[in-house]
file model14.csv (CSV, C-alpha atoms and all ligand atoms)
chain,number,residue,atom,x,y,z
A,3,MET,CA,0.0,0.0,0.0
A,4,GLU,CA,1.3,3.4,-0.9
A,5,THR,CA,2.4,6.0,1.8
A,6,LEU,CA,2.3,9.8,2.0
A,7,HIS,CA,6.0,9.6,1.4
A,8,ASP,CA,5.5,7.8,-1.9
A,9,ILE,CA,3.0,10.5,-3.0
A,10,ALA,CA,5.3,13.3,-1.9
A,11,LYS,CA,8.2,11.9,-3.9
A,12,GLU,CA,6.1,11.8,-7.0
A,13,VAL,CA,5.0,15.4,-6.4
A,14,HIS,CA,8.6,16.6,-6.2
A,15,ASP,CA,9.4,15.0,-9.6
A,16,CYS,CA,6.0,15.9,-11.2
A,17,ARG,CA,5.9,17.6,-14.6
A,18,LYS,CA,2.2,16.9,-15.4
A,19,CYS,CA,1.3,20.6,-15.7
A,20,PRO,CA,3.3,23.8,-16.3
A,21,LEU,CA,3.2,25.0,-12.7
A,22,PHE,CA,6.5,23.2,-11.7
A,23,LYS,CA,8.4,25.5,-14.1
A,24,ASP,CA,8.3,28.7,-12.0
A,25,ALA,CA,8.2,26.9,-8.7
A,26,THR,CA,11.2,26.4,-6.4
A,27,HIS,CA,9.7,23.4,-4.5
A,28,GLY,CA,6.8,21.1,-4.8
A,29,VAL,CA,4.6,21.3,-1.7
A,30,PRO,CA,2.9,17.9,-1.3
A,31,GLY,CA,1.4,18.6,2.1
A,32,ASP,CA,2.4,17.9,5.6
A,33,GLY,CA,1.1,16.1,8.7
A,34,ASN,CA,-0.1,12.9,10.2
A,35,GLU,CA,-0.8,9.8,8.1
A,36,LYS,CA,-3.6,8.9,10.6
A,37,ALA,CA,-5.1,12.4,10.9
A,38,ASP,CA,-8.7,12.7,11.7
A,39,VAL,CA,-8.8,16.1,10.1
A,40,PHE,CA,-7.5,17.1,6.6
A,41,PHE,CA,-7.3,20.8,5.8
A,42,ILE,CA,-7.2,21.7,2.1
A,43,GLY,CA,-6.1,25.1,0.8
A,44,GLU,CA,-5.8,26.3,-2.8
A,45,GLY,CA,-2.1,26.3,-3.6
A,46,PRO,CA,1.3,27.2,-2.1
A,47,GLY,CA,2.2,30.8,-1.8
A,48,ALA,CA,5.7,32.4,-1.9
A,49,GLU,CA,6.9,31.2,1.5
A,50,GLU,CA,5.5,27.8,1.0
A,51,ASP,CA,7.3,27.5,-2.3
A,52,LYS,CA,10.5,28.6,-0.7
A,53,GLN,CA,10.3,26.0,2.2
A,54,GLY,CA,8.4,23.2,0.4
A,55,LYS,CA,5.8,23.2,3.2
A,56,PRO,CA,2.2,24.2,3.3
A,57,PHE,CA,0.8,27.2,5.3
A,58,VAL,CA,4.1,28.5,6.6
A,59,GLY,CA,3.6,32.2,5.8
A,60,ALA,CA,1.3,34.7,7.5
A,61,ALA,CA,-1.8,32.7,6.7
A,62,GLY,CA,-0.1,29.6,8.1
A,63,LYS,CA,0.8,31.5,11.3
A,64,PHE,CA,-2.9,32.4,11.7
A,65,LEU,CA,-3.9,28.8,11.0
A,66,ASN,CA,-1.4,27.6,13.7
A,67,GLU,CA,-3.0,30.1,16.2
A,68,MET,CA,-6.5,28.7,15.4
A,69,LEU,CA,-5.3,25.1,15.8
A,70,GLU,CA,-3.8,26.0,19.2
A,71,SER,CA,-7.0,27.7,20.2
A,72,VAL,CA,-8.8,24.4,19.9
A,73,ALA,CA,-5.9,22.4,21.5
A,74,TRP,CA,-5.1,20.7,18.2
A,75,LYS,CA,-1.5,20.2,17.2
A,76,ARG,CA,-0.3,20.7,13.7
A,77,GLU,CA,1.4,17.3,13.7
A,78,ASP,CA,-1.9,15.6,14.5
A,79,VAL,CA,-3.8,17.0,11.4
A,80,PHE,CA,-2.9,16.9,7.7
A,81,ILE,CA,-2.6,20.1,5.7
A,82,GLY,CA,-2.5,20.1,1.9
A,83,ASN,CA,-3.5,22.0,-1.2
A,84,ILE,CA,-5.5,21.5,-4.4
A,85,VAL,CA,-2.3,22.2,-6.5
A,86,LYS,CA,1.1,21.2,-5.2
A,87,HIS,CA,3.3,23.8,-7.1
A,88,ARG,CA,2.9,27.5,-6.7
A,89,PRO,CA,0.9,29.3,-9.4
A,90,PRO,CA,3.1,32.3,-10.6
A,91,ASN,CA,2.2,35.5,-8.7
A,92,ASN,CA,-0.4,33.6,-6.7
A,93,ARG,CA,-2.8,33.6,-9.6
A,94,ASP,CA,-5.7,31.1,-9.5
A,95,PRO,CA,-4.8,27.7,-10.8
A,96,GLU,CA,-6.1,27.0,-14.3
A,97,PRO,CA,-8.8,24.2,-14.6
A,98,GLU,CA,-6.3,22.0,-16.5
A,99,GLU,CA,-3.7,22.4,-13.7
A,100,ILE,CA,-6.3,21.4,-11.1
A,101,ILE,CA,-7.4,18.4,-13.1
A,102,ALA,CA,-3.7,17.3,-13.5
A,103,CYS,CA,-3.0,17.7,-9.8
A,104,LEU,CA,-6.1,16.5,-8.1
A,105,PRO,CA,-5.2,12.8,-8.2
A,106,TYR,CA,-2.4,13.5,-5.7
A,107,LEU,CA,-4.9,15.0,-3.3
A,108,GLU,CA,-7.3,12.1,-3.8
A,109,ARG,CA,-4.5,9.6,-3.2
A,110,GLN,CA,-3.6,11.4,0.0
A,111,LEU,CA,-7.2,11.3,1.1
A,112,ALA,CA,-7.3,7.6,0.3
A,113,VAL,CA,-4.2,7.0,2.5
A,114,ILE,CA,-5.4,9.1,5.4
A,115,LYS,CA,-9.1,8.5,5.3
A,116,PRO,CA,-9.9,11.5,7.5
A,117,THR,CA,-13.1,11.7,9.4
A,118,LEU,CA,-13.4,15.4,8.5
A,119,ILE,CA,-12.3,17.5,5.5
A,120,VAL,CA,-12.0,21.2,6.1
A,121,THR,CA,-11.7,23.2,2.9
A,122,LEU,CA,-10.1,26.7,3.2
A,123,GLY,CA,-11.4,29.3,0.8
A,124,ARG,CA,-14.0,29.1,-2.0
A,125,HIS,CA,-11.7,27.4,-4.5
A,126,ALA,CA,-11.0,24.4,-2.3
A,127,MET,CA,-14.7,24.3,-1.4
A,128,HIS,CA,-15.8,24.2,-5.0
A,129,GLN,CA,-13.6,21.1,-5.7
A,130,PHE,CA,-15.8,19.1,-3.4
A,131,LEU,CA,-19.1,20.9,-2.9
A,132,PRO,CA,-21.6,22.2,-5.4
A,133,ALA,CA,-20.6,25.0,-7.7
A,134,ASP,CA,-23.5,27.2,-6.6
A,135,PHE,CA,-22.3,27.2,-3.0
A,136,ARG,CA,-21.3,30.6,-1.8
A,137,ILE,CA,-18.6,30.7,1.0
A,138,SER,CA,-20.4,33.6,2.6
A,139,GLN,CA,-23.5,31.4,3.0
A,140,GLU,CA,-22.0,28.0,3.7
A,141,HIS,CA,-18.9,28.7,5.9
A,142,GLY,CA,-18.8,26.7,9.1
A,143,LYS,CA,-21.6,24.3,8.1
A,144,VAL,CA,-21.3,20.6,7.8
A,145,PHE,CA,-22.0,18.7,4.6
A,146,ARG,CA,-21.9,15.0,3.8
A,147,ARG,CA,-21.2,14.1,0.2
A,148,HIS,CA,-20.3,10.7,-1.3
A,149,GLY,CA,-19.5,9.3,2.2
A,150,ARG,CA,-17.3,12.2,3.2
A,151,LEU,CA,-17.8,14.9,5.7
A,152,TYR,CA,-16.9,18.5,4.8
A,153,VAL,CA,-16.8,21.8,6.6
A,154,PRO,CA,-16.0,24.8,4.3
A,155,LEU,CA,-14.2,27.7,6.0
A,156,TYR,CA,-12.9,31.0,4.8
A,157,HIS,CA,-9.2,30.9,3.8
A,158,PRO,CA,-7.0,32.3,6.6
A,159,ALA,CA,-5.3,34.6,4.1
A,160,ALA,CA,-8.7,36.1,3.1
A,161,ALA,CA,-9.4,36.7,6.8
A,162,LEU,CA,-6.0,38.4,7.2
A,163,TYR,CA,-6.7,40.8,4.4
A,164,HIS,CA,-10.4,41.4,5.1
A,165,GLY,CA,-10.5,42.0,8.9
A,166,GLY,CA,-14.2,41.5,9.1
A,167,LEU,CA,-13.8,37.8,8.2
A,168,ARG,CA,-11.2,37.2,10.9
A,169,GLN,CA,-13.7,36.8,13.8
A,170,THR,CA,-16.0,34.7,11.6
A,171,LEU,CA,-13.2,32.3,10.8
A,172,ILE,CA,-12.1,32.1,14.5
A,173,GLU,CA,-15.7,31.4,15.5
A,174,ASP,CA,-16.2,28.7,12.8
A,175,PHE,CA,-12.9,27.1,13.8
A,176,GLN,CA,-14.1,26.8,17.4
A,177,LYS,CA,-16.9,24.5,16.2
A,178,LEU,CA,-14.6,21.9,14.6
A,179,PRO,CA,-13.7,19.8,17.7
A,180,LYS,CA,-17.4,19.3,18.5
A,181,ILE,CA,-18.2,18.4,14.8
A,182,LEU,CA,-15.3,15.9,14.8
A,183,LYS,CA,-16.4,14.4,18.1
A,184,LYS,CA,-19.9,13.9,16.8
A,185,ALA,CA,-18.7,12.5,13.5
A,186,LYS,CA,-16.4,10.0,15.3
A,187,SER,CA,-19.2,8.9,17.6
A,188,ILE,CA,-21.6,8.4,14.6
A,189,GLY,CA,-18.8,6.5,12.7
A,190,HIS,CA,-18.2,4.3,15.7
A,191,GLU,CA,-21.9,3.5,16.0
A,192,GLU,CA,-22.1,2.7,12.2
A,193,ASN,CA,-19.1,0.4,12.5
A,194,LYS,CA,-20.5,-1.7,15.4
A,201,LIG,S1,1.0,21.4,-9.7
A,201,LIG,FE1,0.5,19.3,-9.5
A,201,LIG,S2,0.2,18.4,-11.6
A,201,LIG,FE2,1.3,20.4,-11.7
A,201,LIG,S3,3.4,19.9,-11.8
A,201,LIG,FE3,2.9,20.3,-9.7
A,201,LIG,S4,2.4,18.3,-8.8
A,201,LIG,FE4,2.4,18.1,-11.0
call {"tool": "encode", "arguments": {"input": "model14.csv", "output": "structure tokens", "more": "lines below"}}
Ligand code: SF4
result
Amino acid sequence: METLHDIAKEVHDCRKCPLFKDATHGVPGDGNEKADVFFIGEGPGAEEDKQGKPFVGAAGKFLNEMLESVAWKREDVFIGNIVKHRPPNNRDPEPEEIIACLPYLERQLAVIKPTLIVTLGRHAMHQFLPADFRISQEHGKVFRRHGRLYVPLYHPAAALYHGGLRQTLIEDFQKLPKILKKAKSIGHEENK
């Protein structure tokens, strides 16, 4: 059975879309192979590209603070992105780039089998939840689709740049442990 390490190695060598050309490092994602919670952002930014790790810039610092606020450790969750190489100048990834890269994310999800998937920002949300969903309406709610449980949240970077969203994101984040606890107890009952 493949491991996260196998997938990361492939990402580092990947040439399946043009994004690798301007990137310094591939950013496969980081965290626990047995994580209950899988956070998914859109793509690496400048600092992530430099270090080869997800969410290590200002948005990552904010994400760390929110994890600490609910007594979760970064090493207990998994943090990844829709695309694994940085789009130049932080532009949105093109649909073909997303299509090329998504199998890596799906393989990571298949290895980890998280109880809860938390999408960060509207782009990540739209990969898994209906196209007519609006993040302003659906943030912080729980959705079950194709046997998976999702909670879409605002992206930490958006909350940094639009101060009004900061408190909303913090409040949504506080709901996650309770959502996870409930999901795990339901899963436990279903598996009996
Ligand atoms: S962004 Fe994804 S598909 Fe494109 S080169 Fe990087 S790993 Fe491969």
call {"tool": "residues_around", "arguments": {"input": "model14.csv", "residues": "Gly33 (chain A)", "least_positions_apart": "5", "cutoff": "7 Å", "atoms": "only C-alpha atoms", "output": "short mmCIF file (atom, residue, chain, number, x, y, z; two decimals) with C-alpha atoms, in the frame of the given file"}}
result
data_model
loop_
_atom_site.label_atom_id
_atom_site.label_comp_id
_atom_site.auth_asym_id
_atom_site.auth_seq_id
_atom_site.Cartn_x
_atom_site.Cartn_y
_atom_site.Cartn_z
CA ARG A 76 -0.30 20.70 13.70
CA GLU A 77 1.40 17.30 13.70
CA ASP A 78 -1.90 15.60 14.50
CA VAL A 79 -3.80 17.00 11.40
CA PHE A 80 -2.90 16.90 7.70
CA ILE A 81 -2.60 20.10 5.70
#
call {"tool": "residues_near_ligand", "arguments": {"input": "model14.csv", "ligand": "ligand LIG 201 (chain A)", "cutoff": "12 Å", "atoms": "only C-alpha atoms and all ligand atoms", "output": "PDB file with C-alpha atoms, keeping the file's coordinate frame"}}
result
ATOM      1  CA  ILE A   9       3.000  10.500  -3.000  1.00  0.00           C
ATOM      2  CA  ALA A  10       5.300  13.300  -1.900  1.00  0.00           C
ATOM      3  CA  LYS A  11       8.200  11.900  -3.900  1.00  0.00           C
ATOM      4  CA  GLU A  12       6.100  11.800  -7.000  1.00  0.00           C
ATOM      5  CA  VAL A  13       5.000  15.400  -6.400  1.00  0.00           C
ATOM      6  CA  HIS A  14       8.600  16.600  -6.200  1.00  0.00           C
ATOM      7  CA  ASP A  15       9.400  15.000  -9.600  1.00  0.00           C
ATOM      8  CA  CYS A  16       6.000  15.900 -11.200  1.00  0.00           C
ATOM      9  CA  ARG A  17       5.900  17.600 -14.600  1.00  0.00           C
ATOM     10  CA  LYS A  18       2.200  16.900 -15.400  1.00  0.00           C
ATOM     11  CA  CYS A  19       1.300  20.600 -15.700  1.00  0.00           C
ATOM     12  CA  PRO A  20       3.300  23.800 -16.300  1.00  0.00           C
ATOM     13  CA  LEU A  21       3.200  25.000 -12.700  1.00  0.00           C
ATOM     14  CA  PHE A  22       6.500  23.200 -11.700  1.00  0.00           C
ATOM     15  CA  LYS A  23       8.400  25.500 -14.100  1.00  0.00           C
ATOM     16  CA  ASP A  24       8.300  28.700 -12.000  1.00  0.00           C
ATOM     17  CA  ALA A  25       8.200  26.900  -8.700  1.00  0.00           C
ATOM     18  CA  THR A  26      11.200  26.400  -6.400  1.00  0.00           C
ATOM     19  CA  HIS A  27       9.700  23.400  -4.500  1.00  0.00           C
ATOM     20  CA  GLY A  28       6.800  21.100  -4.800  1.00  0.00           C
ATOM     21  CA  VAL A  29       4.600  21.300  -1.700  1.00  0.00           C
ATOM     22  CA  PRO A  30       2.900  17.900  -1.300  1.00  0.00           C
ATOM     23  CA  GLY A  31       1.400  18.600   2.100  1.00  0.00           C
ATOM     24  CA  GLU A  44      -5.800  26.300  -2.800  1.00  0.00           C
ATOM     25  CA  GLY A  45      -2.100  26.300  -3.600  1.00  0.00           C
ATOM     26  CA  PRO A  46       1.300  27.200  -2.100  1.00  0.00           C
ATOM     27  CA  ASP A  51       7.300  27.500  -2.300  1.00  0.00           C
ATOM     28  CA  GLY A  54       8.400  23.200   0.400  1.00  0.00           C
ATOM     29  CA  GLY A  82      -2.500  20.100   1.900  1.00  0.00           C
ATOM     30  CA  ASN A  83      -3.500  22.000  -1.200  1.00  0.00           C
ATOM     31  CA  ILE A  84      -5.500  21.500  -4.400  1.00  0.00           C
ATOM     32  CA  VAL A  85      -2.300  22.200  -6.500  1.00  0.00           C
ATOM     33  CA  LYS A  86       1.100  21.200  -5.200  1.00  0.00           C
ATOM     34  CA  HIS A  87       3.300  23.800  -7.100  1.00  0.00           C
ATOM     35  CA  ARG A  88       2.900  27.500  -6.700  1.00  0.00           C
ATOM     36  CA  PRO A  89       0.900  29.300  -9.400  1.00  0.00           C
ATOM     37  CA  PRO A  90       3.100  32.300 -10.600  1.00  0.00           C
ATOM     38  CA  ASP A  94      -5.700  31.100  -9.500  1.00  0.00           C
ATOM     39  CA  PRO A  95      -4.800  27.700 -10.800  1.00  0.00           C
ATOM     40  CA  GLU A  96      -6.100  27.000 -14.300  1.00  0.00           C
ATOM     41  CA  PRO A  97      -8.800  24.200 -14.600  1.00  0.00           C
ATOM     42  CA  GLU A  98      -6.300  22.000 -16.500  1.00  0.00           C
ATOM     43  CA  GLU A  99      -3.700  22.400 -13.700  1.00  0.00           C
ATOM     44  CA  ILE A 100      -6.300  21.400 -11.100  1.00  0.00           C
ATOM     45  CA  ILE A 101      -7.400  18.400 -13.100  1.00  0.00           C
ATOM     46  CA  ALA A 102      -3.700  17.300 -13.500  1.00  0.00           C
ATOM     47  CA  CYS A 103      -3.000  17.700  -9.800  1.00  0.00           C
ATOM     48  CA  LEU A 104      -6.100  16.500  -8.100  1.00  0.00           C
ATOM     49  CA  PRO A 105      -5.200  12.800  -8.200  1.00  0.00           C
ATOM     50  CA  TYR A 106      -2.400  13.500  -5.700  1.00  0.00           C
ATOM     51  CA  LEU A 107      -4.900  15.000  -3.300  1.00  0.00           C
TER      52      LEU A 107
END
call {"tool": "closest_residue", "arguments": {"input": "model14.csv", "among": "A:His164, A:His125, A:Lys115, A:Lys180", "to": "Asp38 (chain A)", "atoms": "all atoms listed in the file"}}
result
A:Lys115
call {"tool": "closest_residue", "arguments": {"input": "model14.csv", "among": "A:Pro116, A:Lys184, A:Asp174, A:Gln53", "to": "Arg150 (chain A)", "atoms": "all atoms listed in the file"}}
result
A:Pro116
call {"tool": "atom_distance", "arguments": {"input": "model14.csv", "atom1": "CA of Leu167 (chain A)", "atom2": "CA of Asn66 (chain A)"}}
result
17.0 Å
call {"tool": "closest_residue", "arguments": {"input": "model14.csv", "among": "A:Gln139, A:Thr170, A:Thr121, A:Gln129", "to": "Gly43 (chain A)", "atoms": "only C-alpha atoms"}}
result
A:Thr121
call {"tool": "atom_distance", "arguments": {"input": "model14.csv", "atom1": "CA of Thr5 (chain A)", "atom2": "CA of Val39 (chain A)"}}
result
17.2 Å
call {"tool": "residues_near_point", "arguments": {"input": "model14.csv", "point": "(-6.2, 28.9, 1.3)", "cutoff": "12 Å", "atoms": "all atoms listed in the file", "output": "ChimeraX atom specification"}}
result
/A:41-47,50,56-62,64-65,81-85,92,94,120-127,154-162
call {"tool": "atom_distance", "arguments": {"input": "model14.csv", "atom1": "CA of Gly142 (chain A)", "atom2": "CA of Ile119 (chain A)"}}
result
11.8 Å
call {"tool": "closest_residue", "arguments": {"input": "model14.csv", "among": "A:His7, A:Lys75, A:Ile114, A:Arg109", "to": "Phe40 (chain A)", "atoms": "all atoms listed in the file"}}
result
A:Ile114
call {"tool": "closest_residue", "arguments": {"input": "model14.csv", "among": "A:Leu151, A:Leu6, A:Ala112, A:Val72", "to": "Ile188 (chain A)", "atoms": "only C-alpha atoms"}}
result
A:Leu151
call {"tool": "closest_residue", "arguments": {"input": "model14.csv", "among": "A:Glu173, A:Glu49, A:Pro132, A:Arg147", "to": "Lys63 (chain A)", "atoms": "all atoms listed in the file"}}
result
A:Glu49
call {"tool": "build_atoms", "arguments": {"input": "model14.csv", "residues": "region 4-20 of chain A", "atoms": "N, CA and C atoms", "output": "PDB file, in the frame of the given file"}}
result
ATOM      1  N   GLU A   4       0.468   2.251  -0.775  1.00  0.00           N
ATOM      2  CA  GLU A   4       1.300   3.400  -0.900  1.00  0.00           C
ATOM      3  C   GLU A   4       1.270   4.283   0.403  1.00  0.00           C
ATOM      4  N   THR A   5       2.274   5.117   0.580  1.00  0.00           N
ATOM      5  CA  THR A   5       2.400   6.000   1.800  1.00  0.00           C
ATOM      6  C   THR A   5       2.347   7.439   1.317  1.00  0.00           C
ATOM      7  N   LEU A   6       2.194   8.328   2.290  1.00  0.00           N
ATOM      8  CA  LEU A   6       2.300   9.800   2.000  1.00  0.00           C
ATOM      9  C   LEU A   6       3.636  10.110   1.408  1.00  0.00           C
ATOM     10  N   HIS A   7       4.641   9.405   1.890  1.00  0.00           N
ATOM     11  CA  HIS A   7       6.000   9.600   1.400  1.00  0.00           C
ATOM     12  C   HIS A   7       6.117   9.321  -0.091  1.00  0.00           C
ATOM     13  N   ASP A   8       5.496   8.210  -0.503  1.00  0.00           N
ATOM     14  CA  ASP A   8       5.500   7.800  -1.900  1.00  0.00           C
ATOM     15  C   ASP A   8       4.899   8.954  -2.777  1.00  0.00           C
ATOM     16  N   ILE A   9       3.767   9.467  -2.293  1.00  0.00           N
ATOM     17  CA  ILE A   9       3.000  10.500  -3.000  1.00  0.00           C
ATOM     18  C   ILE A   9       3.885  11.791  -3.091  1.00  0.00           C
ATOM     19  N   ALA A  10       4.498  12.120  -1.958  1.00  0.00           N
ATOM     20  CA  ALA A  10       5.300  13.300  -1.900  1.00  0.00           C
ATOM     21  C   ALA A  10       6.489  13.257  -2.879  1.00  0.00           C
ATOM     22  N   LYS A  11       7.061  12.094  -2.967  1.00  0.00           N
ATOM     23  CA  LYS A  11       8.200  11.900  -3.900  1.00  0.00           C
ATOM     24  C   LYS A  11       7.754  12.163  -5.328  1.00  0.00           C
ATOM     25  N   GLU A  12       6.595  11.627  -5.677  1.00  0.00           N
ATOM     26  CA  GLU A  12       6.100  11.800  -7.000  1.00  0.00           C
ATOM     27  C   GLU A  12       5.797  13.315  -7.306  1.00  0.00           C
ATOM     28  N   VAL A  13       5.264  13.992  -6.289  1.00  0.00           N
ATOM     29  CA  VAL A  13       5.000  15.400  -6.400  1.00  0.00           C
ATOM     30  C   VAL A  13       6.268  16.185  -6.743  1.00  0.00           C
ATOM     31  N   HIS A  14       7.314  15.865  -6.006  1.00  0.00           N
ATOM     32  CA  HIS A  14       8.600  16.600  -6.200  1.00  0.00           C
ATOM     33  C   HIS A  14       9.122  16.411  -7.629  1.00  0.00           C
ATOM     34  N   ASP A  15       8.847  15.254  -8.226  1.00  0.00           N
ATOM     35  CA  ASP A  15       9.400  15.000  -9.600  1.00  0.00           C
ATOM     36  C   ASP A  15       8.327  15.298 -10.675  1.00  0.00           C
ATOM     37  N   CYS A  16       7.148  15.762 -10.271  1.00  0.00           N
ATOM     38  CA  CYS A  16       6.000  15.900 -11.200  1.00  0.00           C
ATOM     39  C   CYS A  16       6.241  16.963 -12.285  1.00  0.00           C
ATOM     40  N   ARG A  17       5.841  16.618 -13.498  1.00  0.00           N
ATOM     41  CA  ARG A  17       5.900  17.600 -14.600  1.00  0.00           C
ATOM     42  C   ARG A  17       4.573  17.517 -15.390  1.00  0.00           C
ATOM     43  N   LYS A  18       3.494  17.179 -14.692  1.00  0.00           N
ATOM     44  CA  LYS A  18       2.200  16.900 -15.400  1.00  0.00           C
ATOM     45  C   LYS A  18       1.499  18.217 -15.795  1.00  0.00           C
ATOM     46  N   CYS A  19       1.887  19.341 -15.217  1.00  0.00           N
ATOM     47  CA  CYS A  19       1.300  20.600 -15.700  1.00  0.00           C
ATOM     48  C   CYS A  19       2.424  21.660 -15.613  1.00  0.00           C
ATOM     49  N   PRO A  20       2.204  22.846 -16.196  1.00  0.00           N
ATOM     50  CA  PRO A  20       3.300  23.800 -16.300  1.00  0.00           C
ATOM     51  C   PRO A  20       3.705  24.471 -14.951  1.00  0.00           C
TER      52      PRO A  20
END
